[in-house]
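One structure is given below, encoded as structure tokens.
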Amino acid sequence: MRWTIKPAADENTAKYLGSELGTDIAIARLLVQRGIKTFNQAKAFFRPKLKDLHNPLLMKDMDKAVTRIKAALVNNERILIYGDYDVDGTTSVALMATYLETKTSNISTYIPDRFDEGYGISYKGIDYAQDNNFSLIIALDCGIKAIKKVEYAKKKEIDFIICDHHRPGKDLPEAIAVLDPKRMDCKYPFKDLCGCGVGFKLIQALGQNYNESIEDLSIYLDLVATAIGADIVPVVGENRILAHYGLKQLNSNPRPGFKELIKNIKKDVLSLTDVIFVIAPRINAAGRMKHGNYAVSLLKEKESAQVKMAAEEIESFNSSRRFLDKETTKQALLQIHKRNEIEKSTTVVYNSNWNKGVIGIVASRLIETYYRPTIVFTKSGDFLTASARSVRGFDIYQALEKCSQYIEQFGGHKYAAGLSIKEENYLDFKSAFETEVKSSLAVHFKTPEIFIDTEISLNSLTPKFYRVLKQFAPFGPQNLAPVFMTNDVFDSGYCKCIGEDDKHLKISVHKDNSNTFNCIGFGLGSKLNIPHNKEPFAIAYTLDENHWNGKISLQLKLKDLK
């Protein structure tokens, strides 16, 4: 791993901010590094306010969306809430449906079948709307490229409102309203909302028409926070406010489905990290292994017996998913070895029998072994379908655009995308993708990189320091947990490997006259020799708490050591 120390904060600015806040200079430096240089900026950072959310009507087409929905409510039209099968999509559908159900009983939900219909708006979904007399479809977390599907619906006299956050193509669907802050002609101040975030802006705009305050709508923010965590969008600006209050809702008064999923987490306060590693995989497992409807049902259900049953089903799907992604990853690694593709600039693998629901996870697993842009294909109907994942600094969406002559359909983000191709184009696509990445992937992006905020002494790591540091949360992209570096530490003599296959590293370290700190290094078991040799070494880490036998102590969560 490459260790890159971030540019130091301007010392004069840090001293000024520290004196204004009455805080440790090390805390002030971290704030300045994050672009926070004044008392008011720090106040907004540490104390997010719902009133600082932007006016939803600043979003292009928002007024049209509100007008059309109000007309549908007045005319007792049937409204179909349509969304993708992942966490962002299912939380969006649950949010929009539960809100509109407070206005009308003419609401139903639709999640496409991952295996039968694939991603996004489907002809089958539109036919379902026609057969059941729906005259308006509100699509969430999908639809920005569904030009032909919207035309098809129009012929059947079905209107569309699209709430998406993916990159648009050069043309937009001819829907009643297309809400997407990434539209070139949209002047909405915050561009990085997730799909559920765009959905929340729509209910915020609707709420203004019904004299509902933003506080009245905060009951839906547990869904929005879950989507923000799962979709790995930047946790800054509006997302930070939404995540902050969503976590408050999740910790104080979660909806019954979440309450059932988190009942076994032995923590006083759930963080966005807990959402990402505990809640999100379970919500996702429904769409990966069976159907996204199970997730929507869990998130909407209020009756306790039904909630318990739905949560047990989700837990079962998640267990199956974990087994399947582990086995598929083994097969994919074996394929790379057999084909002698270890030294390539890309990983592109294919097996017609792989489960479409886990190929995205497998792509991420392969990057953990071979750090390079990765695409995992499986067979889906007449086409091969794939999930693509990238490494830090490389835009895989742009790389796919360069290979578009071999692609039938694709969409996504800089670091994650989905695509489908004809089977006969697989080898040509694989070759073209390798050529494109090899020519454009800078050498330094081929090695994982740790960004270190600052070097710090172990003596600075006090409970008071950590109490302030916790208020930097919620952590996520563009507001990551601070990573510290300490040089010349020594092992206290208790280093050992733990976990399955001795995968993890447990050590305790000290330096000079400092306290001894326990450290845990997940996935760092292979580096046992470094502390073992009794020589001084450097550690890169985040600060954490360890809860054990009713006692709480500071612990270092190792990112790397050398």
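Labels for the structure tokens follow display order: chains A, B, ..., residues from 1 in each chain, ligands from 1.
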request  = Skip Lys414 (chain A) itself and residues of its chain fewer than 6 positions away, then list as an MDAnalysis selection string all residues within 9 Å of it, counting only C-alpha atoms.
outcome  = chainID A and resid 389:390 393:398
Put those residues in a file: C-alpha atoms, as a PDB file, in the first residue's frame.
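Output contents, as saved in result_14.pdb:
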```pdb
ATOM      1  CA  ARG A 389     -16.164  -2.000 -10.189  1.00  0.00           C
ATOM      2  CA  SER A 390     -13.196   0.338 -10.272  1.00  0.00           C
ATOM      3  CA  GLY A 393      -9.022   7.507  -9.233  1.00  0.00           C
ATOM      4  CA  PHE A 394     -10.150   5.585 -12.340  1.00  0.00           C
ATOM      5  CA  ASP A 395     -13.476   6.377 -14.033  1.00  0.00           C
ATOM      6  CA  ILE A 396     -14.811   3.014 -15.204  1.00  0.00           C
ATOM      7  CA  TYR A 397     -17.933   4.640 -16.685  1.00  0.00           C
ATOM      8  CA  GLN A 398     -15.756   6.619 -19.112  1.00  0.00           C
TER       9      GLN A 398
END
```
message = Run DSSP on the backbone and tell me which residues of region 393-433 of chain A come out as strand (DSSP E or B); list them as a PyMOL selection string.
response = chain A and resi 409-412+416-422
request  = State, in Å with one decimal place, the distance from CA of Ile265 (chain A) to CA of Asp216 (chain A).
outcome  = 28.0 Å
task = Work out how far CA of Phe465 (chain A) is from CA of Thr38 (chain A), in Å to one decimal.
result =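 Value for the CA of Thr38 (chain A)-CA of Phe465 (chain A) distance: 20.0 Å.
Using only C-alpha atoms, the shortest contact distance between Ile219 (chain A) and any of A:Thr109, A:Thr98, A:Ser297, A:Asn529 is found at A:Thr98.
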key: Phe490 (chain A) environment, 7 Å, only C-alpha atoms, sequence neighbours closer than 6 positions dropped, as an MDAnalysis selection string   = chainID A and resid 509:511 534:537
ask   = Could you name the residues that touch region 248-261 of chain A at 10 Å or less, counting only C-alpha atoms, but leaving out those on the same chain fewer than 4 positions away, as number ranges by chain?
value = A: 218-223, 225-226, 242-244, 265, 268-271, 275, 278-279, 282-283, 295-304, 306-312, 314-315
note = Computed gap from CA of Ile232 (chain A) to CA of Cys403 (chain A) is 25.7 Å
query = Looking at A:Asn353, A:Thr516, A:Asn40, A:Thr4, which one is nearest to Glu20 (chain A), with distances taken over only C-alpha atoms?
reply =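 When distances to Glu20 (chain A) are compared using only C-alpha atoms, the smallest one comes from A:Asn40.
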query = For Asp488 (chain A), which residue out of A:Ser457, A:Gln471, A:Asn515, A:Asn55 is the nearest one, using only C-alpha atoms?
reply =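 Of A:Ser457, A:Gln471, A:Asn515, A:Asn55, the one nearest Asp488 (chain A), counting only C-alpha atoms, is A:Ser457.
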Which of region 434-468 of chain A fall in alpha helix (DSSP H), as a list of chain:residue names =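 Restricting region 434-468 of chain A to alpha helix (DSSP H) produces A:Glu434, A:Thr435, A:Glu436, A:Val437, A:Lys438, A:Ser439, A:Ser440, A:Pro463, A:Lys464, A:Phe465, A:Tyr466, A:Arg467, A:Val468.
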Could you save those same residues with C-alpha atoms as a compact mmCIF listing (two decimals), in the first residue's frame?
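Saved to out15.txt:
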```txt
# COMPACT_ATOMS: atom_id res chain seq x y z
CA GLU A 434 -8.02 -4.18 -21.42
CA THR A 435 -6.50 -1.94 -24.12
CA GLU A 436 -8.43 1.11 -22.90
CA VAL A 437 -7.54 0.63 -19.24
CA LYS A 438 -3.91 -0.25 -19.95
CA SER A 439 -3.46 2.96 -21.94
CA SER A 440 -5.26 5.25 -19.49
CA PRO A 463 -10.68 10.14 25.67
CA LYS A 464 -11.39 13.89 25.35
CA PHE A 465 -9.74 13.97 21.89
CA TYR A 466 -11.85 11.00 20.80
CA ARG A 467 -15.09 12.54 22.13
CA VAL A 468 -14.59 15.53 19.82
```
